[in-house]
file data_29.txt (compact mmCIF, C-alpha atoms and all ligand atoms)
# COMPACT_ATOMS: atom_id res chain seq x y z
CA MET C 1 28.38 15.35 -9.29
CA SER C 2 26.20 15.28 -6.21
CA PHE C 3 22.57 14.41 -6.75
CA ASN C 4 19.91 15.60 -4.39
CA PRO C 5 16.51 14.25 -5.42
CA ILE C 6 14.52 16.95 -3.65
CA GLN C 7 16.49 19.73 -5.23
CA THR C 8 16.18 17.96 -8.52
CA VAL C 9 12.41 17.79 -8.27
CA ILE C 10 12.21 21.44 -7.23
CA GLY C 11 14.52 22.30 -10.07
CA PHE C 12 12.25 20.46 -12.43
CA LEU C 13 9.20 22.35 -11.25
CA THR C 14 10.74 25.85 -11.42
CA PRO C 15 11.58 27.32 -14.79
CA PRO C 16 15.30 28.04 -15.19
CA PRO C 17 16.30 31.68 -14.88
CA PRO C 18 16.58 33.04 -18.44
CA THR C 19 19.96 34.72 -17.82
CA MET C 20 22.00 31.55 -17.23
CA SER C 21 21.61 30.19 -20.73
CA GLU C 22 22.84 32.79 -23.20
CA GLU C 23 24.76 30.31 -25.33
CA TYR C 24 22.09 27.55 -25.32
CA GLU C 25 21.61 26.14 -28.81
CA GLY C 26 19.58 22.97 -28.28
CA LEU C 27 15.88 22.23 -28.57
CA GLU C 28 13.69 24.82 -26.91
CA TYR C 29 9.95 25.27 -26.25
CA LYS C 30 8.51 28.68 -25.49
CA TRP C 31 5.13 29.55 -24.04
CA LYS C 32 4.50 33.11 -22.90
CA MET C 33 7.12 33.88 -20.25
CA PHE C 34 8.19 30.22 -19.85
CA THR C 35 11.02 28.54 -21.67
CA PHE C 36 11.62 24.80 -21.54
CA ARG C 37 15.00 23.48 -22.62
CA PRO C 38 14.98 19.64 -22.45
CA ALA C 39 18.76 19.34 -22.67
CA LEU C 40 19.09 20.99 -19.25
CA PHE C 41 16.98 18.32 -17.55
CA GLN C 42 18.78 15.10 -18.39
CA LEU C 43 19.40 14.12 -14.77
CA GLU C 44 15.84 14.90 -13.77
CA ALA C 45 14.50 12.82 -16.64
CA LEU C 46 16.65 9.91 -15.54
CA PHE C 47 15.42 10.27 -12.00
CA ILE C 48 11.76 10.30 -13.03
CA ALA C 49 12.35 7.31 -15.31
CA ALA C 50 13.87 5.36 -12.42
CA ILE C 51 10.86 6.08 -10.20
CA LEU C 52 8.45 5.10 -12.94
CA PHE C 53 10.40 1.91 -13.55
CA TYR C 54 10.34 0.98 -9.88
CA VAL C 55 6.64 1.68 -9.48
CA GLY C 56 5.88 -0.19 -12.69
CA PHE C 57 7.99 -3.12 -11.56
CA TYR C 58 6.20 -3.27 -8.22
CA TRP C 59 2.81 -3.15 -9.91
CA LEU C 60 3.61 -5.77 -12.54
CA GLY C 61 5.30 -8.07 -10.01
CA SER C 62 2.38 -7.97 -7.58
CA LYS C 63 -0.03 -8.59 -10.41
CA ALA C 64 2.01 -11.52 -11.70
CA ASN C 65 2.04 -13.20 -8.28
CA ALA C 66 -1.66 -12.68 -7.59
CA GLY C 67 -2.39 -13.83 -11.14
CA SER C 68 -0.56 -17.14 -10.85
CA VAL C 69 -2.27 -17.92 -7.54
CA SER C 70 -5.75 -17.26 -8.87
CA ALA C 71 -4.95 -19.21 -12.04
CA TRP C 72 -3.93 -22.21 -9.94
CA MET C 73 -7.05 -21.93 -7.80
CA LYS C 74 -9.19 -21.71 -10.90
CA ASP C 75 -7.68 -24.94 -12.25
CA HIS C 76 -8.32 -26.68 -8.93
CA ARG C 77 -11.64 -25.14 -7.95
CA ALA C 78 -13.67 -28.11 -9.18
CA LEU C 79 -11.52 -30.54 -7.19
CA TYR C 80 -11.69 -28.44 -4.01
CA GLN C 81 -15.44 -28.04 -4.40
CA SER C 82 -15.89 -31.77 -4.81
CA GLN C 83 -13.89 -32.41 -1.64
CA PHE C 84 -14.95 -29.73 0.83
CA THR C 85 -18.22 -28.21 1.95
CA ARG C 86 -16.23 -24.99 2.45
CA PRO C 87 -13.42 -25.09 -0.13
CA VAL C 88 -12.23 -21.49 0.37
CA GLN C 89 -12.46 -19.16 3.35
CA VAL C 90 -14.92 -16.26 3.42
CA GLY C 91 -13.42 -13.40 1.41
CA GLY C 92 -11.58 -15.65 -1.02
CA ILE C 93 -7.85 -16.24 -1.34
CA GLY C 94 -5.97 -14.79 1.63
CA LYS C 95 -2.98 -12.56 1.12
CA ASP C 96 -0.05 -11.61 3.30
CA GLY C 97 2.10 -9.11 1.45
CA ASN C 98 2.66 -9.58 -2.27
CA SER C 99 4.27 -13.00 -2.29
CA ASP C 100 2.40 -15.01 0.36
CA PHE C 101 -1.08 -16.33 -0.30
CA PHE C 102 -3.22 -18.90 1.46
CA VAL C 103 -6.46 -20.81 1.21
CA TYR C 104 -8.24 -22.52 4.10
CA SER C 105 -10.57 -25.38 3.26
CA THR C 106 -12.70 -27.36 5.65
CA GLY C 107 -15.64 -29.75 5.81
CA ARG C 108 -14.47 -33.14 4.63
CA ARG C 109 -14.32 -36.68 5.96
CA ALA C 110 -11.04 -37.65 7.65
CA LEU C 111 -9.80 -34.04 7.63
CA SER C 112 -10.27 -31.17 10.00
CA ALA C 113 -8.72 -28.74 7.50
CA LEU C 114 -6.52 -28.20 4.49
CA HIS C 115 -4.16 -25.22 4.42
CA THR C 116 -2.96 -24.38 0.91
CA THR C 117 -0.06 -21.94 1.05
CA PHE C 118 1.74 -20.20 -1.78
CA THR C 119 5.15 -18.74 -1.02
CA LEU C 120 6.11 -17.01 -4.22
CA ARG C 121 9.23 -15.15 -5.25
CA PRO C 122 9.20 -11.43 -4.39
CA ARG C 123 8.47 -10.37 -7.97
CA HIS C 124 7.34 -6.93 -6.77
CA ASP C 125 10.60 -6.24 -4.94
CA LEU C 126 13.43 -5.65 -7.38
CA ALA C 127 16.19 -5.53 -4.77
CA GLN C 128 15.12 -8.74 -3.06
CA LEU C 129 14.56 -10.49 -6.36
CA ILE C 130 18.10 -9.68 -7.49
CA TYR C 131 19.45 -10.74 -4.11
CA GLN C 132 17.63 -14.09 -4.30
CA THR C 133 18.77 -14.73 -7.85
CA VAL C 134 22.41 -13.92 -7.16
CA TRP C 135 22.37 -15.96 -3.96
CA GLY C 136 20.85 -18.83 -5.93
CA PHE C 137 23.86 -18.77 -8.27
CA VAL C 138 26.40 -18.50 -5.47
CA GLN C 139 24.94 -21.09 -3.11
CA LEU C 140 24.05 -24.15 -5.11
CA ASP C 141 21.75 -25.71 -2.52
CA TYR C 142 19.79 -22.48 -2.14
CA SER C 143 17.03 -23.06 -4.63
CA VAL C 144 14.62 -20.30 -5.43
CA TYR C 145 11.22 -21.19 -6.79
CA ASP C 146 7.56 -20.54 -6.17
CA GLU C 147 6.54 -22.87 -3.37
CA LEU C 148 3.14 -24.46 -2.97
CA GLU C 149 2.21 -26.46 0.09
CA LEU C 150 -0.90 -28.47 0.85
CA ASN C 151 -1.08 -29.16 4.56
CA PHE C 152 -3.83 -31.69 5.31
CA THR C 153 -4.69 -31.89 9.02
CA PHE C 154 -6.25 -35.20 9.97
CA LYS C 155 -9.25 -35.38 12.23
CA ASP C 156 -8.37 -36.88 15.56
CA THR C 157 -8.48 -40.56 14.77
CA ALA C 158 -6.76 -43.76 15.83
CA SER C 159 -6.60 -44.88 12.17
CA VAL C 160 -3.68 -42.54 11.52
CA PRO C 161 -0.58 -43.90 13.22
CA ASP C 162 1.93 -41.75 15.06
CA CYS C 163 4.74 -41.93 12.54
CA VAL C 164 6.95 -39.88 10.26
CA TRP C 165 7.23 -40.93 6.64
CA ALA C 166 8.11 -39.07 3.45
CA VAL C 167 9.00 -39.25 -0.22
CA VAL C 168 11.45 -36.48 -1.06
CA ALA C 169 13.06 -35.18 -4.26
CA LYS C 170 16.77 -35.83 -3.88
CA ASP C 171 17.75 -32.24 -4.62
CA GLU C 172 15.74 -31.20 -1.54
CA LEU C 173 17.50 -33.69 0.71
CA LYS C 174 20.41 -31.47 1.61
CA GLY C 175 19.26 -29.24 4.38
CA ILE C 176 15.73 -30.63 4.66
CA LYS C 177 16.38 -31.93 8.16
CA SER C 178 17.27 -28.45 9.37
CA LYS C 179 13.90 -27.18 8.15
CA ARG C 180 12.01 -30.30 9.14
CA TRP C 181 13.13 -31.64 12.49
CA ASP C 182 10.42 -34.31 12.28
CA LEU C 183 12.30 -35.94 9.39
CA THR C 184 15.25 -36.61 11.71
CA PHE C 185 13.15 -39.53 12.95
CA THR C 186 13.61 -41.26 9.61
CA LYS C 187 16.22 -43.16 7.69
CA THR C 188 16.76 -42.35 4.02
CA THR C 189 16.44 -45.26 1.62
CA GLU C 190 16.22 -45.86 -2.11
CA ASN C 191 13.08 -47.48 -3.43
CA PRO C 192 13.14 -49.49 -6.67
CA ASN C 193 9.50 -48.59 -7.41
CA LEU C 194 10.19 -44.87 -7.47
CA PRO C 195 12.13 -42.79 -10.01
CA GLN C 196 15.87 -42.27 -9.46
CA SER C 197 15.34 -38.65 -8.47
CA LEU C 198 13.18 -39.54 -5.44
CA THR C 199 14.02 -41.08 -2.13
CA VAL C 200 12.04 -42.45 0.80
CA MET C 201 12.49 -41.24 4.36
CA SER C 202 10.84 -43.66 6.71
CA GLU C 203 11.03 -44.80 10.30
CA PHE C 204 10.26 -48.40 9.35
CA ALA C 205 10.02 -50.26 6.05
CA ASP C 206 6.61 -51.58 7.03
CA ILE C 207 5.11 -48.08 6.67
CA THR C 208 6.67 -47.61 3.22
CA GLU C 209 5.38 -50.96 2.00
CA ASN C 210 1.85 -50.17 3.14
CA LEU C 211 1.78 -46.70 1.60
CA LEU C 212 3.46 -47.44 -1.72
CA LYS C 213 1.46 -50.51 -2.66
CA PRO C 214 -1.56 -49.91 -4.89
CA HIS C 215 -4.90 -49.18 -3.25
CA GLY C 216 -7.75 -49.46 -5.74
CA PRO C 217 -7.34 -46.59 -8.20
CA LEU C 218 -4.50 -45.07 -6.20
CA SER C 219 -0.97 -45.99 -7.09
CA LEU C 220 1.35 -43.51 -5.46
CA THR C 221 4.39 -44.90 -7.26
CA ALA C 222 2.69 -44.45 -10.64
CA VAL C 223 1.66 -40.83 -9.94
CA LEU C 224 5.10 -39.98 -8.59
CA SER C 225 6.74 -41.51 -11.67
CA ASP C 226 4.77 -39.32 -14.08
CA PRO C 227 7.35 -37.24 -16.00
CA LYS C 228 4.85 -34.38 -16.25
CA ILE C 229 4.62 -34.19 -12.45
CA LEU C 230 8.16 -35.04 -11.43
CA PRO C 231 9.75 -31.63 -12.15
CA TYR C 232 7.35 -29.97 -9.69
CA PHE C 233 7.38 -32.58 -6.95
CA ARG C 234 9.37 -31.60 -3.83
CA SER C 235 8.07 -33.83 -1.06
CA LEU C 236 5.12 -35.70 0.35
CA SER C 237 5.16 -36.41 4.05
CA LEU C 238 3.01 -37.95 6.74
CA THR C 239 3.93 -36.70 10.18
CA ASP C 240 2.82 -36.60 13.78
CA GLN C 241 5.66 -34.30 14.86
CA PRO C 242 6.22 -30.54 14.56
CA ARG C 243 8.72 -28.97 12.16
CA GLY C 244 10.94 -27.65 14.90
CA ARG C 245 12.13 -29.57 17.94
CA PRO C 246 9.72 -28.78 20.77
CA LEU C 247 11.16 -27.41 24.02
CA HIS C 248 8.59 -29.18 26.15
CA PRO C 249 6.45 -32.29 25.79
CA ILE C 250 3.45 -31.35 23.64
CA PRO C 251 0.13 -31.68 25.49
CA VAL C 252 -2.09 -34.37 23.95
CA ALA C 253 -4.78 -31.84 23.02
CA GLN C 254 -2.27 -29.85 20.94
CA ARG C 255 -0.94 -32.77 18.90
CA SER C 256 -2.00 -33.22 15.32
CA LYS C 257 -1.17 -35.41 12.36
CA HIS C 258 -0.56 -34.06 8.89
CA LEU C 259 -0.10 -35.10 5.31
CA ILE C 260 2.00 -32.42 3.65
CA LEU C 261 2.45 -32.13 -0.10
CA SER C 262 5.16 -29.72 -1.18
CA LEU C 263 5.44 -28.60 -4.79
CA ALA C 264 7.06 -26.06 -7.01
CA LEU C 265 4.10 -24.10 -8.33
CA PRO C 266 3.46 -25.44 -11.85
CA PRO C 267 2.56 -22.97 -14.62
CA ASN C 268 -0.66 -24.84 -15.37
CA ALA C 269 -2.55 -27.78 -13.89
CA GLU C 270 0.29 -30.28 -14.46
CA THR C 271 0.18 -31.59 -10.90
CA LEU C 272 -3.61 -32.00 -10.66
CA PRO C 273 -3.39 -35.85 -10.72
CA LEU C 274 -0.95 -35.75 -7.79
CA ILE C 275 -3.25 -33.52 -5.78
CA GLN C 276 -6.15 -35.86 -6.51
CA ALA C 277 -3.93 -38.72 -5.37
CA ALA C 278 -3.17 -36.86 -2.13
CA PHE C 279 -6.89 -36.78 -1.32
CA GLN C 280 -7.13 -40.52 -2.03
CA LEU C 281 -4.09 -41.11 0.15
CA VAL C 282 -5.77 -39.23 3.00
CA ASP C 283 -8.68 -41.68 2.80
CA VAL C 284 -6.39 -44.68 2.53
CA ILE C 285 -4.45 -43.62 5.63
CA ALA C 286 -7.58 -42.81 7.61
CA GLY C 287 -9.50 -45.83 6.31
CA GLU C 288 -12.35 -43.60 5.16
CA GLY C 289 -14.61 -43.25 2.16
CA GLY C 290 -14.54 -46.95 1.36
CA TRP C 291 -10.75 -46.93 1.26
CA GLY C 292 -8.22 -48.41 3.55
CA VAL C 293 -4.77 -49.81 3.44
CA GLY C 294 -5.87 -53.36 4.05
CA LYS C 295 -9.15 -53.46 2.15
CA ALA C 296 -10.34 -54.02 -1.37
CA PRO C 297 -12.11 -50.96 -2.86
CA GLY C 298 -15.73 -50.23 -2.17
CA LYS C 299 -16.15 -52.65 0.73
CA GLY C 300 -17.50 -50.38 3.41
CA ASN C 301 -15.06 -48.58 5.62
CA GLY C 302 -11.60 -49.92 5.13
CA VAL C 303 -8.91 -50.30 7.67
CA GLY C 304 -6.66 -47.33 8.25
CA LEU C 305 -2.89 -47.35 8.10
CA ASN C 306 -2.49 -47.87 11.85
CA ALA C 307 -4.35 -51.17 11.87
CA SER C 308 -2.46 -52.35 8.79
CA LEU C 309 0.94 -51.96 10.36
CA ARG C 310 2.56 -54.94 12.00
CA PRO C 311 2.17 -54.96 15.79
CA GLU C 312 6.00 -54.83 16.10
CA THR C 313 6.07 -51.65 14.04
CA ARG C 314 3.43 -50.06 16.24
CA THR C 315 5.41 -51.04 19.35
CA LYS C 316 8.62 -49.57 17.92
CA LEU C 317 6.87 -46.32 16.92
CA LYS C 318 5.44 -46.03 20.38
CA LYS C 319 8.83 -46.61 21.99
CA VAL C 320 10.51 -43.86 19.94
CA ARG C 321 7.86 -41.38 21.07
CA GLU C 322 8.01 -42.42 24.68
CA GLU C 323 11.77 -41.91 24.65
CA LEU C 324 11.42 -38.45 23.14
CA GLU C 325 8.79 -37.59 25.72
CA LYS C 326 11.13 -38.68 28.50
CA GLU C 327 13.99 -36.64 27.06
CA LEU C 328 11.83 -33.52 26.74
CA LYS C 329 10.56 -33.90 30.27
CA GLU C 330 14.08 -34.23 31.63
CA GLU C 331 15.15 -31.14 29.72
CA MET C 332 12.21 -29.24 31.14
CA VAL C 333 13.08 -30.27 34.70
CA ARG C 334 16.74 -29.36 34.21
CA GLU C 335 15.76 -26.00 32.76
CA LYS C 336 13.47 -25.27 35.67
CA ARG C 337 16.19 -26.19 38.14
CA GLU C 338 18.65 -23.86 36.44
CA GLU C 339 16.08 -21.10 36.45
CA GLN C 340 15.52 -21.54 40.16
CA ALA C 341 19.26 -21.48 40.83
CA ASP C 342 19.58 -18.27 38.82
CA GLU C 343 16.75 -16.71 40.76
CA LYS C 344 18.31 -17.71 44.06
CA ALA C 345 21.65 -16.19 43.05
CA ALA C 346 19.94 -12.97 41.98
CA ALA C 347 18.09 -12.75 45.29
CA LYS C 348 21.35 -13.27 47.18
CA ARG C 349 23.02 -10.51 45.19
CA ARG C 350 20.13 -8.14 45.85
CA GLU C 351 20.31 -8.89 49.56
CA ALA C 352 24.07 -8.21 49.68
CA GLU C 353 23.60 -4.93 47.83
CA GLU C 354 20.91 -3.87 50.22
CA LYS C 355 23.11 -4.61 53.18
CA LEU C 356 25.95 -2.66 51.61
CA SER C 357 23.76 0.38 50.97
CA LYS C 358 22.86 0.53 54.64
CA LEU C 359 26.50 0.84 55.73
CA SER C 360 28.49 4.06 56.04
CA ALA C 361 30.55 5.26 53.10
CA ALA C 362 33.87 4.27 54.68
CA GLU C 363 32.66 0.76 55.47
CA GLN C 364 31.25 0.40 51.95
CA LYS C 365 34.60 1.29 50.49
CA LYS C 366 36.40 -1.23 52.67
CA ILE C 367 34.08 -4.05 51.72
CA MET C 368 34.26 -3.22 48.01
CA GLU C 369 38.06 -3.21 48.20
CA ARG C 370 38.03 -6.63 49.84
CA GLU C 371 35.70 -7.97 47.12
CA ARG C 372 37.98 -6.62 44.42
CA LYS C 373 41.05 -8.29 45.95
CA ARG C 374 39.21 -11.56 46.25
CA ALA C 375 38.21 -11.39 42.57
CA VAL C 376 41.78 -10.67 41.50
CA ARG C 377 43.06 -13.61 43.56
CA LYS C 378 40.46 -15.84 41.98
CA THR C 379 41.51 -14.99 38.40
CA GLN C 380 45.17 -15.43 39.34
CA THR C 381 44.68 -18.93 40.69
CA LYS C 382 42.59 -19.73 37.63
CA SER C 383 45.33 -18.69 35.22
CA LYS C 384 47.88 -20.62 37.26
CA VAL C 385 45.82 -23.78 36.92
CA ARG C 386 45.86 -23.31 33.15
C1 LIG K 1 -3.07 -47.88 16.58
O1 LIG K 1 -3.68 -49.09 16.91
C2 LIG K 1 -3.33 -49.61 18.18
C3 LIG K 1 -3.91 -51.02 18.32
O2 LIG K 1 -5.09 -51.14 17.62
C4 LIG K 1 -3.80 -48.68 19.27
O3 LIG K 1 -3.47 -49.16 20.53
C5 LIG K 1 -3.14 -47.33 19.04
O4 LIG K 1 -3.61 -46.39 19.97
C6 LIG K 1 -3.39 -46.82 17.62
N1 LIG K 1 -2.58 -45.66 17.36
C7 LIG K 1 -3.04 -44.42 17.39
C8 LIG K 1 -2.08 -43.37 17.04
O5 LIG K 1 -4.17 -44.16 17.68
C1 LIG K 2 1.07 -27.70 8.83
O1 LIG K 2 1.80 -28.84 9.21
C2 LIG K 2 2.73 -28.74 10.25
C3 LIG K 2 3.34 -30.05 10.52
O2 LIG K 2 4.59 -30.07 10.00
C4 LIG K 2 2.15 -28.07 11.45
O3 LIG K 2 3.06 -27.99 12.48
C5 LIG K 2 1.63 -26.73 11.02
O4 LIG K 2 1.20 -25.99 12.11
C6 LIG K 2 0.54 -26.96 10.02
N1 LIG K 2 -0.31 -25.84 9.75
C7 LIG K 2 -0.10 -24.78 8.94
C8 LIG K 2 -1.18 -23.79 8.90
O5 LIG K 2 0.88 -24.65 8.28
call {"tool": "encode", "arguments": {"input": "data_29.txt", "output": "structure tokens", "more": "lines below"}}
Ligand SMILES: *[C@@H]1O[C@H](CO)[C@@H](O)[C@H](O)[C@H]1NC(C)=O
Ligand SMILES: *[C@@H]1O[C@H](CO)[C@@H](O)[C@H](O)[C@H]1NC(C)=O
result
Amino acid sequence: MSFNPIQTVIGFLTPPPPTMSEEYEGLEYKWKMFTFRPALFQLEALFIAAILFYVGFYWLGSKANAGSVSAWMKDHRALYQSQFTRPVQVGGIGKDGNSDFFVYSTGRRALSALHTTFTLRPRHDLAQLIYQTVWGFVQLDYSVYDELELNFTFKDTASVPDCVWAVVAKDELKGIKSKRWDLTFTKTTENPNLPQSLTVMSEFADITENLLKPHGPLSLTAVLSDPKILPYFRSLSLTDQPRGRPLHPIPVAQRSKHLILSLALPPNAETLPLIQAAFQLVDVIAGEGGWGVGKAPGKGNGVGLNASLRPETRTKLKKVREELEKELKEEMVREKREEQADEKAAAKRREAEEKLSKLSAAEQKKIMERERKRAVRKTQTKSKVR
């Protein structure tokens, strides 16, 4: 049976002609000249039900996503307010569609900003939700969950070294380097002070030692070992490099250093201690707020991570970046050269065409014929060589 929704709706709105239903015996409502026979509208009812279901699904899904974001913000409002002079942007939680939400916080020592981003499942979009779920079953390393990211941008300071370092949940390892080019700088190692399910990605062991040892009230290894937190932890990274490989050397003014905490959005405030620890870690790295890698607590401004690293480590870090810089520069030069060659060839072609257009028709034909023969000869010699 063919099913035309427009005809169906029109059919639903117009009363059926009384003649076509002599032998109708089902339920029937009569009002003046109108007769309504529900049994004749089964398809229409199904159609309306499907629309209502879809609209309802969209509405409930959008509400669920917005609800979990504002619930999370509510649980963390006190922390954000204690850390920032402007904990949330004007206008409140930002929204981009029905599954992407963001909060911009600023006004804190050591940080120029914190971007909190929620990338939730498309609960409002039935088709995409089904697609994601099925794909999640088929492709085992395609994990679908509500993602939460805290992206701390450090103020421009020499206390934060140029390095890439991370703790990563092992089930994120596969494929993380394709999403995070910066992590290709690192080597993956086990750490006896961390749970089995986590791994360290570090350029040099010196950095790991400095960051994982206790600093006053902050013990990263203890927080990361908390079984309440562990199921939601995805990664924690300190980085001076972008997520994708840059095509050109990045100008100094555009470089920035970040501490990035990646989580699966917890249903309640399970990960609050980890987020508090992230703020403490920011201070430890930057040597601010009485904290520093090398200092006892509460003794004035501590020493940041950079100064606590061994001089050899700093030299090695610097060398890696200088080499990358050189490589990117060379690529840029090569690219420019190729571009120029292309341009030259195009100009030559244009010139030849112009010349050709000025000739008489007979001469044009002769030259084109010669070109064609030359091309044929070329392909023949090529295939002979093979
Ligand atoms: C780290 O410290 C060294 C020596 O104190 C300094 O030369 C270097 O510029 C610092 N690193 C950064 C990224 O500022
Ligand atoms: C967050 O951090 C990365 C570093 O990986 C940076 O490139 C990115 O632009 C940052 N900002 C936002 C808003 O995500």
call {"tool": "axis_aligned_box", "arguments": {"input": "data_29.txt", "around": "ligand LIG 2 (chain K)", "padding_each_side": "5 Å", "output": "lines of an AutoDock Vina configuration file"}}
result
center_x = 1.7
center_y = -26.9
center_z = 10.4
size_x = 15.8
size_y = 16.3
size_z = 14.2
call {"tool": "residues_near_ligand", "arguments": {"input": "data_29.txt", "ligand": "ligand LIG 2 (chain K)", "cutoff": "12 Å", "atoms": "all atoms listed in the file", "output": "PyMOL selection string"}}
result
chain C and resi 101-105+112-119+148-154+164-166+179-183+236-246+250+254-262
call {"tool": "closest_residue", "arguments": {"input": "data_29.txt", "among": "C:Thr221, C:Ser360, C:Thr157, C:Gln276", "to": "ligand LIG 1 (chain K)", "atoms": "all atoms listed in the file"}}
result
C:Thr157
call {"tool": "residues_around", "arguments": {"input": "data_29.txt", "residues": "C:Ile207", "least_positions_apart": "2", "cutoff": "12 Å", "atoms": "only C-alpha atoms", "output": "PyMOL selection string"}}
result
chain C and resi 160-167+186+200-205+209-213+237-239+285+293+304-314+316-317
call {"tool": "atom_distance", "arguments": {"input": "data_29.txt", "atom1": "atom CA of C:Phe57", "atom2": "atom CA of C:Arg123"}}
result
8.1 Å
call {"tool": "atom_distance", "arguments": {"input": "data_29.txt", "atom1": "atom CA of C:Thr106", "atom2": "atom CA of C:Thr85"}}
result
6.7 Å
call {"tool": "decode", "arguments": {"input": "data_29.txt", "residues": "stretch 104-117 of chain C", "atoms": "N, CA, C and O atoms", "output": "short mmCIF file (atom, residue, chain, number, x, y, z; two decimals), in the first residue's frame"}}
result
data_model
loop_
_atom_site.label_atom_id
_atom_site.label_comp_id
_atom_site.auth_asym_id
_atom_site.auth_seq_id
_atom_site.Cartn_x
_atom_site.Cartn_y
_atom_site.Cartn_z
N TYR C 104 32.41 29.52 30.16
CA TYR C 104 33.69 30.23 30.09
C TYR C 104 33.91 30.94 31.42
O TYR C 104 33.08 31.75 31.83
N SER C 105 35.01 30.60 32.08
CA SER C 105 35.30 31.21 33.37
C SER C 105 36.63 31.94 33.29
O SER C 105 37.56 31.47 32.66
N THR C 106 36.70 33.08 33.96
CA THR C 106 37.94 33.84 33.93
C THR C 106 38.10 34.65 35.21
O THR C 106 37.16 34.84 35.96
N GLY C 107 39.32 35.13 35.42
CA GLY C 107 39.61 35.91 36.62
C GLY C 107 40.14 35.03 37.73
O GLY C 107 39.48 34.79 38.73
N ARG C 108 41.33 34.49 37.52
CA ARG C 108 41.96 33.68 38.55
C ARG C 108 43.47 33.73 38.38
O ARG C 108 43.96 33.85 37.26
N ARG C 109 44.18 33.60 39.49
CA ARG C 109 45.65 33.55 39.41
C ARG C 109 46.08 32.37 38.56
O ARG C 109 45.39 31.35 38.50
N ALA C 110 47.17 32.53 37.87
CA ALA C 110 47.80 31.49 37.05
C ALA C 110 47.04 31.14 35.77
O ALA C 110 47.59 30.54 34.87
N LEU C 111 45.75 31.53 35.70
CA LEU C 111 44.97 31.13 34.53
C LEU C 111 44.48 32.34 33.76
O LEU C 111 44.10 33.35 34.35
N SER C 112 44.45 32.24 32.45
CA SER C 112 43.77 33.30 31.70
C SER C 112 42.32 32.90 31.48
O SER C 112 41.46 33.76 31.37
N ALA C 113 42.02 31.61 31.45
CA ALA C 113 40.63 31.18 31.30
C ALA C 113 40.47 29.69 31.58
O ALA C 113 41.44 28.94 31.57
N LEU C 114 39.24 29.31 31.84
CA LEU C 114 38.86 27.90 31.86
C LEU C 114 37.66 27.73 30.94
O LEU C 114 36.66 28.42 31.08
N HIS C 115 37.80 26.83 29.97
CA HIS C 115 36.67 26.47 29.11
C HIS C 115 36.14 25.13 29.60
O HIS C 115 36.88 24.14 29.58
N THR C 116 34.88 25.10 30.02
CA THR C 116 34.26 23.83 30.40
C THR C 116 33.31 23.45 29.27
O THR C 116 32.39 24.21 28.96
N THR C 117 33.55 22.32 28.63
CA THR C 117 32.69 21.94 27.49
C THR C 117 32.03 20.60 27.74
O THR C 117 32.67 19.64 28.17
#
